[in-house]
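Visitor: Once you've had a glance at the structure underneath, I'll fire off some questions.
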Amino acid sequence: MSYHFSEIEAKWQKYWKENHTFKTKNPDASTQESTPPFYVLDMFPYPSGAGLHVGHPLGYIASDIIARYKRHKGFNVLHPMGYDSFGLPAEQYAIQTGQHPAVTTLNNINRYREQLDKIGFSFDWSREVRTSDPSYYRWTQWIFMQIFNSWYDRQQDKARPIGELIAIFEKEGNIAVEACSDPVSIFSAQEWNSFSEKVQQEVLSKYRLTFLAETEVNWCPGLGTVLANDEIINGVSERGGFPVERKKMKQWNMRITAYAERLLKGLETIDWTESLKESQRNWIGKSEGTSIEFKVNSTQKQASTHQDLQINPENAHLFQRANQIAQKPTEAESILWKYLKDKRLGQLFKQKAVVGDFIVDFLCSNHKIIIDIDKDTVVQKGEYLKKRTQILEALGYTVLRFKPEELLQDIGPVLSIVQQALREREKSVIRVFTTRPDTIYGVTFMVLAPEHELVLKITTPAQKKEVERYIKETAKRSELDRMADTKSVTGAFTGAYAEHPLTKNPIPIWISDYVLASYGTGAVMAVPAGDERDHRFAKHFDIPIVDIFEDIDTQEKAFSEKGDVKLVHSDFLNGLPYKQALEAVNRKLQEEGVAEVKINYRLRDAVFSRQRYWGEPFPVYYKNGIAKLIPEDCLPLELPEVEKYLPTKEGNPPLGRAHSWHWDEKNNKVVGVKNPEKLPDHTYPLELNTMPGWAGSSWYFYRYMEDQKRDTVFASKQALTYWKKVDLYIGGSEHATGHLLYARFWAKFLKDRGYTTVEEPFQKLINQGMILGESAFIHRIGKNKYISLNRIKKGEETQPIHVDVSLVNTSNELDLEKFKVWRPEFKKAKFLTEDNGKFIVSREVEKMSKSKYNVINPDDICKEYGADALRLYEMFLGPIDQAKPWSTAGLSGVYSFLKKFWRLYHIDKNEEEVFAVTHTKAAADSLKTLHQTIKKITEDIEHFNFNTAVSAFMICVNELTHQACRSREVLEPLVILIAPFAPHIAEELWEKLGHRQSIATAPYPVYEEKLIQETTKTYPISFNGKKRFTLELPLELSKQEIEHLVMEHPRTQEQLNGRAPKRIIIVPGKIVNIVG
RNA sequence: GCUCGAGUGGCGGAAUUGGUAGACGCGCUGGAUUCAAAAUCCAGUUUCUUCGGAAGUGUGGGUUCGAUUCCCACCUCGAGUACCA
């Protein structure tokens, strides 16, 4: 045997390294014209201490095949690799051992690199990035600064520099600017300019795309840090599986919610799998519904006596006159109207509205607020005004009265007063979000989240004790408990009632933890007839259920379908099906000013602070409690040294231990930043949190684009416009709602601010499936007694125990001696073997993991079968995106294929191998085989069907072997064809064919149709759709000729058995079907 | 529960727009070579069969000349998500 893969592979790996074979060309003028760019990227790995197992390279092999293929096709290929090297495991390890995470990380990276190199990837390592490298994370810090210095303009639907927002505030206040978060008070330009810096910054933080906020976070005591939603799986931390609880903490947040709609829409433009897009859609969780206000009854004033409201008949003419005057809007009124119309203050105002006997200037009927502007007339003064106000207030209105001068001078304070009044009113309003406003007549109670701010305000004294007890109880329950227990119904009655906005009936208000504070408004209108949870709650607490669906009894079961079922007991909605009822009720509620159609997203702003050491430091310091950015010139702000990687006694993150952070007390100078002289004052405290793992991975694909000038820009304009985006991205689906969402978010941001050119960074995305391990088990029966698999009797109870798969051969036989060495505690155990003395283990497919002793190391495979065999086998296992079990035994197939392929180019002469490719003309059948293969392989690569491509190679080699083809005309193109899959053997044969240059950029063979054209077709002859025999016929025959020949055939006559066929279907070139 | 995906030999898996089901490989069986083994090569390998054939792609129905492929219902498994109003 002369296929010496280990020599060949070592030789070419060395060659590639020394000749920089895979160095990407820079986009200068010449490349731009001649070679189109193609960017194929793998999700970069976190270099864990365990090293790679055979599952990891699967995606890398696929992307490498594409990269190599595209080079043959003449593309300028960018195919880089790097490390996502900040992260928790290195830090956990540091806490345990005291070893600096940078050291651990470096060791792991070196080990990864060694493993990767053995597989023969065509990465351009000159562009490698490491997220924990200061030269890299300085740009992560820089991007954070740009995000901090930006706000989201809802009108233009893009991020803009914060300076432009400040300019707007200085000129016209914030009346025209919609805030992204909680409502911001309205202020005028004058007011803005008079604010202190602190107030100004507080206001700006409500607009910035990253901001500090007291947020309910997922606190993980086990890890001592907060976690993002996507880092929690089933209520416990993804890493380590520690419980997670809710806690309020001051944290940096990323306003990803500003991009919710664009993140959703963008999915339509990219080529990802439906399931992945679906995950992101679910995560964003858009739902269209109605936000409805319910007034809390208890606080409503009642009109005192009827008599007070009477107008003195003597003065009736005055009132009439006053009303007439009030009808024409004055200049001052016009100004105010500008700010009140179109719900600018969040509430519907009407101009010149009638209230009782009066015409008022402005009315918010929902909140019962009246704004009157003084008129400079006699009739509007004195007793009239007093009486008028008295009457209106008695009716439950708040009357605000302003002088025209106030409005003309500075409208700011006026608006503040109006807003204040609105807020006051809001306090007695419960806003709910519902997607089923059509069921509003079925509301029999309301439920607030226990954390809802109104709960304590509205609770009646009688219910106070119970409500407080319930709140305490739910706060104690951890997230995990809540999730585990979805069946039990709990809640408490507040004693308060709300007023139904349409029927005006009193609605009891409850609290319960089935309503989440973090979604919608934290309150729901409960319709037991139409919602299962509401139904369960109503049943449990004996709250009445109103049937609102025609002919459907909802007393025992809720009916939640949105169909053609008509409504009943629903006033003006009676007889309407879902769709029409929805429209009608929305129209009505909006007219009343108590509701608006609203879009809600499940997506939350992303918490961006971590109380960890091993992450990017924030380029932030605090001056008088205000967060400020350090100057850009000072980046990178490097991680300080600490003596321990644990939180401080005061509960500060580990960075709090760096007493002399960036201030070297001995030498009296600033350290750890560039251009230290530009740092404003080293005595201001720095931010002690670090950034989360997803910070560095949200933009690394741009860094790879850049080859030079790495300290002046994160990536040059030239590089960004040339490469634009990742054409093909390969990685695991576990990043569906984390990395892939955050990276899209940052990409959109960078585009908005003009730093990059594309909206979506990953055009085509493929998720490689997991490679599963084949665990081995021995079976225990009784104490210290183990039984071989085939001796287990049917129904016998055994306890399976994992054993290391390396101790088991391909016949599932366990090496007992080695096993006892591996596990000394089994030394004295009794092993009941088969009759032949062998001990057989059972096998089961499981996830590959150290703890299951089923990990297969790619190094071992490369050593025993070679990298080319590993590459082919991983591709041959099955479709790239599917999970599939690893089986080392199966490797022999591709291994013998490679030997067979090698033999195609050699003959044995007197025990010696001779290269035997000739210049003779190829036989027609060999050319046909070759071109069929070219066609198949090309199609398969384009469609990422690597498994069938490998089998096409096998078919090709089998055929050429049979044909005894030795012709260069066939064998030379074949080497190029296989080079992307098995690059080492291809390079070796390419060299033997006389080439001096690497095969890497050899032009891809061109498929010629005429060489594979057939003249005959073996037709399947079917009877009633079942094939009964085949018949070879010339392809050029017409339907009639085929029919004639088929009908004449004795087998046809036999099948028909004398009957005449009803119909004969002939598809030339495909099939013949005779219907009898 | 919801969403998405998948069910094909002993196993991994093939099957362009509906057109010869089981390609290719593993495993298994038999044979050649060998002192023997490895390696290699050849033949066979869905099931049943009266050796003529017949049935067959999770189950049941439907559309069609023809269904692994399209439609409906159900079952099983996997992934994601989870009181989202």
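FYI, nothing fancy with the structure tokens labels: chains A, B, ... in order, residues from 1 per chain, ligands from 1 as they appear.
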As a list in words, please: the residues near G22 (chain B) (cut-off 9 Å, only C-alpha atoms (C1' of nucleotides), same-chain neighbours under 4 positions excluded).

Guide: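 Near neighbours after the sequence-gap exclusion: U8, G9, A14, A15 and U46 of chain B.
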
Visitor: Could the residues in this selection be written to a file with all heavy atoms, as an mmCIF file, in the first residue's frame?

Guide:
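Saved as result_3.cif:
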```
data_model
loop_
_atom_site.group_PDB
_atom_site.id
_atom_site.type_symbol
_atom_site.label_atom_id
_atom_site.label_comp_id
_atom_site.auth_asym_id
_atom_site.auth_seq_id
_atom_site.Cartn_x
_atom_site.Cartn_y
_atom_site.Cartn_z
ATOM 1 P P U B 8 -37.391 6.193 9.358
ATOM 2 O OP1 U B 8 -37.451 4.943 10.154
ATOM 3 O OP2 U B 8 -36.175 7.008 9.342
ATOM 4 O "O5'" U B 8 -37.788 5.865 7.869
ATOM 5 C "C5'" U B 8 -38.825 4.934 7.591
ATOM 6 C "C4'" U B 8 -38.693 4.426 6.193
ATOM 7 O "O4'" U B 8 -38.402 5.536 5.297
ATOM 8 C "C3'" U B 8 -37.529 3.464 5.957
ATOM 9 O "O3'" U B 8 -37.892 2.143 6.310
ATOM 10 C "C2'" U B 8 -37.325 3.599 4.453
ATOM 11 O "O2'" U B 8 -38.283 2.851 3.734
ATOM 12 C "C1'" U B 8 -37.591 5.099 4.230
ATOM 13 N N1 U B 8 -36.363 5.905 4.197
ATOM 14 C C2 U B 8 -35.600 5.875 3.039
ATOM 15 O O2 U B 8 -35.901 5.208 2.070
ATOM 16 N N3 U B 8 -34.472 6.653 3.068
ATOM 17 C C4 U B 8 -34.034 7.431 4.105
ATOM 18 O O4 U B 8 -33.003 8.077 3.982
ATOM 19 C C5 U B 8 -34.872 7.413 5.269
ATOM 20 C C6 U B 8 -35.978 6.666 5.276
ATOM 21 P P G B 9 -37.147 1.467 7.521
ATOM 22 O OP1 G B 9 -37.989 0.285 7.835
ATOM 23 O OP2 G B 9 -36.751 2.406 8.600
ATOM 24 O "O5'" G B 9 -35.831 0.979 6.776
ATOM 25 C "C5'" G B 9 -34.988 0.110 7.437
ATOM 26 C "C4'" G B 9 -35.008 -1.246 6.786
ATOM 27 O "O4'" G B 9 -34.609 -1.090 5.405
ATOM 28 C "C3'" G B 9 -34.016 -2.214 7.419
ATOM 29 O "O3'" G B 9 -34.590 -3.517 7.412
ATOM 30 C "C2'" G B 9 -32.838 -2.177 6.457
ATOM 31 O "O2'" G B 9 -32.089 -3.347 6.434
ATOM 32 C "C1'" G B 9 -33.547 -1.979 5.109
ATOM 33 N N9 G B 9 -32.677 -1.380 4.104
ATOM 34 C C8 G B 9 -32.486 -1.848 2.852
ATOM 35 N N7 G B 9 -31.649 -1.127 2.156
ATOM 36 C C5 G B 9 -31.274 -0.120 3.020
ATOM 37 C C6 G B 9 -30.391 0.950 2.834
ATOM 38 O O6 G B 9 -29.745 1.242 1.833
ATOM 39 N N1 G B 9 -30.293 1.760 3.952
ATOM 40 C C2 G B 9 -30.973 1.531 5.124
ATOM 41 N N2 G B 9 -30.750 2.401 6.091
ATOM 42 N N3 G B 9 -31.802 0.547 5.314
ATOM 43 C C4 G B 9 -31.908 -0.237 4.237
ATOM 44 P P A B 14 -29.846 12.071 2.947
ATOM 45 O OP1 A B 14 -29.404 13.465 2.929
ATOM 46 O OP2 A B 14 -31.256 11.746 3.175
ATOM 47 O "O5'" A B 14 -29.333 11.442 1.587
ATOM 48 C "C5'" A B 14 -30.212 10.767 0.799
ATOM 49 C "C4'" A B 14 -29.585 10.397 -0.470
ATOM 50 O "O4'" A B 14 -29.442 8.960 -0.445
ATOM 51 C "C3'" A B 14 -30.518 10.719 -1.637
ATOM 52 O "O3'" A B 14 -30.125 11.927 -2.234
ATOM 53 C "C2'" A B 14 -30.375 9.503 -2.553
ATOM 54 O "O2'" A B 14 -29.252 9.628 -3.390
ATOM 55 C "C1'" A B 14 -30.134 8.392 -1.530
ATOM 56 N N9 A B 14 -31.361 7.758 -1.021
ATOM 57 C C8 A B 14 -31.843 7.777 0.259
ATOM 58 N N7 A B 14 -32.943 7.086 0.437
ATOM 59 C C5 A B 14 -33.201 6.584 -0.834
ATOM 60 C C6 A B 14 -34.217 5.763 -1.328
ATOM 61 N N6 A B 14 -35.199 5.281 -0.574
ATOM 62 N N1 A B 14 -34.195 5.456 -2.649
ATOM 63 C C2 A B 14 -33.201 5.937 -3.398
ATOM 64 N N3 A B 14 -32.186 6.710 -3.043
ATOM 65 C C4 A B 14 -32.244 6.995 -1.731
ATOM 66 P P A B 15 -31.208 13.061 -2.445
ATOM 67 O OP1 A B 15 -30.546 14.150 -3.174
ATOM 68 O OP2 A B 15 -31.889 13.327 -1.156
ATOM 69 O "O5'" A B 15 -32.265 12.343 -3.401
ATOM 70 C "C5'" A B 15 -31.921 12.090 -4.752
ATOM 71 C "C4'" A B 15 -32.979 11.244 -5.385
ATOM 72 O "O4'" A B 15 -33.036 9.960 -4.712
ATOM 73 C "C3'" A B 15 -34.406 11.774 -5.260
ATOM 74 O "O3'" A B 15 -34.693 12.789 -6.208
ATOM 75 C "C2'" A B 15 -35.214 10.503 -5.499
ATOM 76 O "O2'" A B 15 -35.236 10.157 -6.858
ATOM 77 C "C1'" A B 15 -34.367 9.475 -4.733
ATOM 78 N N9 A B 15 -34.838 9.321 -3.338
ATOM 79 C C8 A B 15 -34.386 9.947 -2.211
ATOM 80 N N7 A B 15 -35.021 9.600 -1.116
ATOM 81 C C5 A B 15 -35.962 8.686 -1.553
ATOM 82 C C6 A B 15 -36.954 7.937 -0.897
ATOM 83 N N6 A B 15 -37.174 8.005 0.417
ATOM 84 N N1 A B 15 -37.732 7.115 -1.637
ATOM 85 C C2 A B 15 -37.517 7.038 -2.961
ATOM 86 N N3 A B 15 -36.616 7.695 -3.689
ATOM 87 C C4 A B 15 -35.864 8.508 -2.927
ATOM 88 P P U B 46 -31.948 -6.375 -0.481
ATOM 89 O OP1 U B 46 -32.632 -6.773 -1.727
ATOM 90 O OP2 U B 46 -30.831 -5.398 -0.497
ATOM 91 O "O5'" U B 46 -33.046 -5.832 0.538
ATOM 92 C "C5'" U B 46 -32.668 -5.333 1.814
ATOM 93 C "C4'" U B 46 -33.920 -5.136 2.629
ATOM 94 O "O4'" U B 46 -34.764 -4.167 1.962
ATOM 95 C "C3'" U B 46 -34.781 -6.387 2.758
ATOM 96 O "O3'" U B 46 -34.371 -7.186 3.851
ATOM 97 C "C2'" U B 46 -36.170 -5.796 2.974
ATOM 98 O "O2'" U B 46 -36.355 -5.376 4.301
ATOM 99 C "C1'" U B 46 -36.125 -4.544 2.064
ATOM 100 N N1 U B 46 -36.649 -4.784 0.705
ATOM 101 C C2 U B 46 -38.016 -4.941 0.540
ATOM 102 O O2 U B 46 -38.783 -4.918 1.479
ATOM 103 N N3 U B 46 -38.433 -5.145 -0.744
ATOM 104 C C4 U B 46 -37.648 -5.186 -1.875
ATOM 105 O O4 U B 46 -38.170 -5.363 -2.972
ATOM 106 C C5 U B 46 -36.247 -5.002 -1.630
ATOM 107 C C6 U B 46 -35.803 -4.815 -0.380
#
```

Visitor: As a PyMOL selection string, please: every residue in region 576-615 of chain A that a backbone DSSP assignment puts in strand (DSSP E or B).

Guide: chain A and resi 595-600+606-607+610

Visitor: With all heavy atoms retained, write the just-selected residues as a PDB file, in the first residue's frame.

Guide:
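Wrote it out as result-v3.pdb, contents follow:
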```pdb
ATOM      1  N   ALA A 595     -58.767  53.877  24.131  1.00  0.00           N
ATOM      2  CA  ALA A 595     -57.923  52.792  23.634  1.00  0.00           C
ATOM      3  C   ALA A 595     -57.176  53.219  22.398  1.00  0.00           C
ATOM      4  O   ALA A 595     -57.568  54.169  21.722  1.00  0.00           O
ATOM      5  CB  ALA A 595     -58.782  51.571  23.313  1.00  0.00           C
ATOM      6  N   GLU A 596     -56.090  52.502  22.130  1.00  0.00           N
ATOM      7  CA  GLU A 596     -55.422  52.694  20.865  1.00  0.00           C
ATOM      8  C   GLU A 596     -54.897  51.355  20.380  1.00  0.00           C
ATOM      9  O   GLU A 596     -54.575  50.471  21.173  1.00  0.00           O
ATOM     10  CB  GLU A 596     -54.299  53.726  20.977  1.00  0.00           C
ATOM     11  CG  GLU A 596     -53.273  53.396  22.027  1.00  0.00           C
ATOM     12  CD  GLU A 596     -52.238  54.504  22.152  1.00  0.00           C
ATOM     13  OE1 GLU A 596     -52.064  55.244  21.182  1.00  0.00           O
ATOM     14  OE2 GLU A 596     -51.619  54.605  23.208  1.00  0.00           O
ATOM     15  N   VAL A 597     -54.847  51.248  19.066  1.00  0.00           N
ATOM     16  CA  VAL A 597     -54.292  50.031  18.494  1.00  0.00           C
ATOM     17  C   VAL A 597     -52.792  50.081  18.701  1.00  0.00           C
ATOM     18  O   VAL A 597     -52.166  51.114  18.473  1.00  0.00           O
ATOM     19  CB  VAL A 597     -54.648  49.944  16.999  1.00  0.00           C
ATOM     20  CG1 VAL A 597     -53.954  48.771  16.360  1.00  0.00           C
ATOM     21  CG2 VAL A 597     -56.156  49.823  16.847  1.00  0.00           C
ATOM     22  N   LYS A 598     -52.237  48.973  19.200  1.00  0.00           N
ATOM     23  CA  LYS A 598     -50.842  49.007  19.588  1.00  0.00           C
ATOM     24  C   LYS A 598     -50.118  47.741  19.170  1.00  0.00           C
ATOM     25  O   LYS A 598     -50.725  46.674  19.073  1.00  0.00           O
ATOM     26  CB  LYS A 598     -50.743  49.154  21.104  1.00  0.00           C
ATOM     27  CG  LYS A 598     -49.802  50.264  21.528  1.00  0.00           C
ATOM     28  CD  LYS A 598     -49.519  50.218  22.994  1.00  0.00           C
ATOM     29  CE  LYS A 598     -48.046  50.470  23.217  1.00  0.00           C
ATOM     30  NZ  LYS A 598     -47.657  50.274  24.595  1.00  0.00           N
ATOM     31  N   ILE A 599     -48.846  47.901  18.936  1.00  0.00           N
ATOM     32  CA  ILE A 599     -48.036  46.731  18.624  1.00  0.00           C
ATOM     33  C   ILE A 599     -47.134  46.474  19.811  1.00  0.00           C
ATOM     34  O   ILE A 599     -46.489  47.383  20.328  1.00  0.00           O
ATOM     35  CB  ILE A 599     -47.216  46.963  17.342  1.00  0.00           C
ATOM     36  CG1 ILE A 599     -48.157  46.985  16.141  1.00  0.00           C
ATOM     37  CG2 ILE A 599     -46.184  45.869  17.176  1.00  0.00           C
ATOM     38  CD1 ILE A 599     -47.554  47.543  14.895  1.00  0.00           C
ATOM     39  N   ASN A 600     -47.107  45.269  20.254  1.00  0.00           N
ATOM     40  CA  ASN A 600     -46.285  44.901  21.394  1.00  0.00           C
ATOM     41  C   ASN A 600     -45.216  43.914  20.963  1.00  0.00           C
ATOM     42  O   ASN A 600     -45.468  43.072  20.114  1.00  0.00           O
ATOM     43  CB  ASN A 600     -47.164  44.230  22.449  1.00  0.00           C
ATOM     44  CG  ASN A 600     -47.051  44.931  23.775  1.00  0.00           C
ATOM     45  OD1 ASN A 600     -45.964  45.339  24.167  1.00  0.00           O
ATOM     46  ND2 ASN A 600     -48.154  45.063  24.463  1.00  0.00           N
ATOM     47  N   ALA A 606     -31.600  44.506  25.993  1.00  0.00           N
ATOM     48  CA  ALA A 606     -30.618  43.506  26.424  1.00  0.00           C
ATOM     49  C   ALA A 606     -29.727  44.070  27.519  1.00  0.00           C
ATOM     50  O   ALA A 606     -29.124  45.125  27.351  1.00  0.00           O
ATOM     51  CB  ALA A 606     -29.775  43.083  25.229  1.00  0.00           C
ATOM     52  N   VAL A 607     -29.672  43.354  28.634  1.00  0.00           N
ATOM     53  CA  VAL A 607     -28.777  43.773  29.717  1.00  0.00           C
ATOM     54  C   VAL A 607     -27.341  43.564  29.262  1.00  0.00           C
ATOM     55  O   VAL A 607     -26.994  42.507  28.736  1.00  0.00           O
ATOM     56  CB  VAL A 607     -29.061  42.970  30.995  1.00  0.00           C
ATOM     57  CG1 VAL A 607     -28.106  43.379  32.088  1.00  0.00           C
ATOM     58  CG2 VAL A 607     -30.493  43.200  31.440  1.00  0.00           C
ATOM     59  N   ARG A 610     -21.984  42.762  33.025  1.00  0.00           N
ATOM     60  CA  ARG A 610     -21.732  41.496  33.711  1.00  0.00           C
ATOM     61  C   ARG A 610     -20.788  41.781  34.883  1.00  0.00           C
ATOM     62  O   ARG A 610     -19.852  42.562  34.728  1.00  0.00           O
ATOM     63  CB  ARG A 610     -21.090  40.469  32.785  1.00  0.00           C
ATOM     64  CG  ARG A 610     -21.962  40.057  31.622  1.00  0.00           C
ATOM     65  CD  ARG A 610     -23.162  39.215  32.064  1.00  0.00           C
ATOM     66  NE  ARG A 610     -23.921  38.756  30.910  1.00  0.00           N
ATOM     67  CZ  ARG A 610     -24.859  39.474  30.297  1.00  0.00           C
ATOM     68  NH1 ARG A 610     -25.156  40.692  30.728  1.00  0.00           N
ATOM     69  NH2 ARG A 610     -25.493  38.999  29.264  1.00  0.00           N
TER      70      ARG A 610
END
```

Visitor: Near chain A, meaning an atom within 12 Å, which residues of chain B appear when counting only C-alpha atoms (C1' of nucleotides)? Write them as a PyMOL selection string.

Guide: chain B and resi 1-6+11-16+19-21+23-27+38-41+52-56+64-67+78-85

Visitor: Excluding Lys785 (chain A) and residues on its chain fewer than 4 positions from it, collect all residues at most 7 Å away from it, counting only C-alpha atoms (C1' of nucleotides), and give them as a list of chain:residue names.

Guide: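 Listed by chain and then number, they are A:Arg780, A:Ile781, A:Ala829, A:Lys830, A:Phe831.
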
Visitor: What does the structure give for the distance between CA of Trp272 (chain A) and CA of Ile880 (chain A), in Å to one decimal?

Guide: 14.2 Å

Visitor: Please identify all polymer residues within 9 Å of Ile730 (chain A), counting only C-alpha atoms (C1' of nucleotides), omitting same-chain residues fewer than 2 positions from it, and present them as a short mmCIF file (atom, residue, chain, number, x, y, z; two decimals) with N, CA and C atoms, in the first residue's frame.

Guide:
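Result file follows (selection_7.cif):
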```cif
data_model
loop_
_atom_site.label_atom_id
_atom_site.label_comp_id
_atom_site.auth_asym_id
_atom_site.auth_seq_id
_atom_site.Cartn_x
_atom_site.Cartn_y
_atom_site.Cartn_z
N VAL A 40 -16.73 33.64 3.18
CA VAL A 40 -17.32 32.45 3.83
C VAL A 40 -16.75 32.34 5.24
N LEU A 41 -17.66 32.32 6.20
CA LEU A 41 -17.26 32.47 7.59
C LEU A 41 -17.83 31.36 8.48
N ASP A 42 -17.00 30.93 9.42
CA ASP A 42 -17.47 30.03 10.48
C ASP A 42 -17.68 30.83 11.73
N MET A 43 -18.65 30.42 12.53
CA MET A 43 -18.78 31.04 13.85
C MET A 43 -17.51 30.70 14.61
N GLY A 59 -18.81 21.92 10.67
CA GLY A 59 -19.12 23.16 9.96
C GLY A 59 -17.89 23.74 9.27
N TYR A 60 -16.74 23.61 9.92
CA TYR A 60 -15.51 24.16 9.35
C TYR A 60 -15.14 23.43 8.06
N ALA A 62 -17.27 21.95 6.01
CA ALA A 62 -18.22 22.40 4.99
C ALA A 62 -17.81 23.76 4.43
N SER A 63 -17.50 24.70 5.33
CA SER A 63 -17.15 26.04 4.86
C SER A 63 -15.83 26.00 4.09
N LEU A 728 -21.62 33.55 3.17
CA LEU A 728 -22.06 32.28 3.73
C LEU A 728 -21.54 32.17 5.16
N GLY A 732 -23.63 26.86 14.68
CA GLY A 732 -24.65 26.09 15.38
C GLY A 732 -25.94 26.88 15.59
N LYS A 764 -26.44 34.27 3.72
CA LYS A 764 -26.89 32.87 3.74
C LYS A 764 -26.33 32.26 5.02
N LEU A 765 -27.17 31.52 5.70
CA LEU A 765 -26.72 30.92 6.94
C LEU A 765 -27.09 29.45 6.98
N ILE A 766 -26.13 28.65 7.39
CA ILE A 766 -26.40 27.22 7.52
C ILE A 766 -26.05 26.78 8.94
N ASN A 767 -26.95 26.06 9.54
CA ASN A 767 -26.67 25.49 10.85
C ASN A 767 -26.19 24.06 10.67
N GLN A 768 -24.97 23.79 11.13
CA GLN A 768 -24.55 22.39 11.04
C GLN A 768 -25.20 21.63 12.18
#
```

Visitor: So that I can see what lies close to region 127-139 of chain A, please list as number ranges by chain the residues with an atom at most 6 Å from it, counting only C-alpha atoms (C1' of nucleotides) and leaving out residues fewer than 5 positions away in the same chain.

Guide: A: 81-86, 635-636, 696, 704, 714

Visitor: Between B:G58, B:U63, B:C48, B:U29, single out the one closest to G7 (chain B), counting only C-alpha atoms (C1' of nucleotides).

Guide: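 Nearest candidate to G7 (chain B) out of B:G58, B:U63, B:C48, B:U29: B:G58.
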
Visitor: Which residues are near Asp860 (chain A)? Cut-off 12 Å, only C-alpha atoms (C1' of nucleotides), ignore same chain within fewer than 6 positions. Put them as a PyMOL selection string.

Guide: chain A and resi 52-54+115+118-119+806+866-867+869-870+888

Visitor: Which residue is closest to Val217 (chain A)? Choose from A:His100, A:Thr273, A:Asp605, A:Leu740 and count only C-alpha atoms.

Guide: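 Result for the nearest residue to Val217 (chain A): A:Asp605.
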
Visitor: Work out how far apart CA of Trp902 (chain A) and CA of Leu930 (chain A) are and give it in Å to one decimal.

Guide: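 Separation of CA of Trp902 (chain A) and CA of Leu930 (chain A): 16.2 Å.
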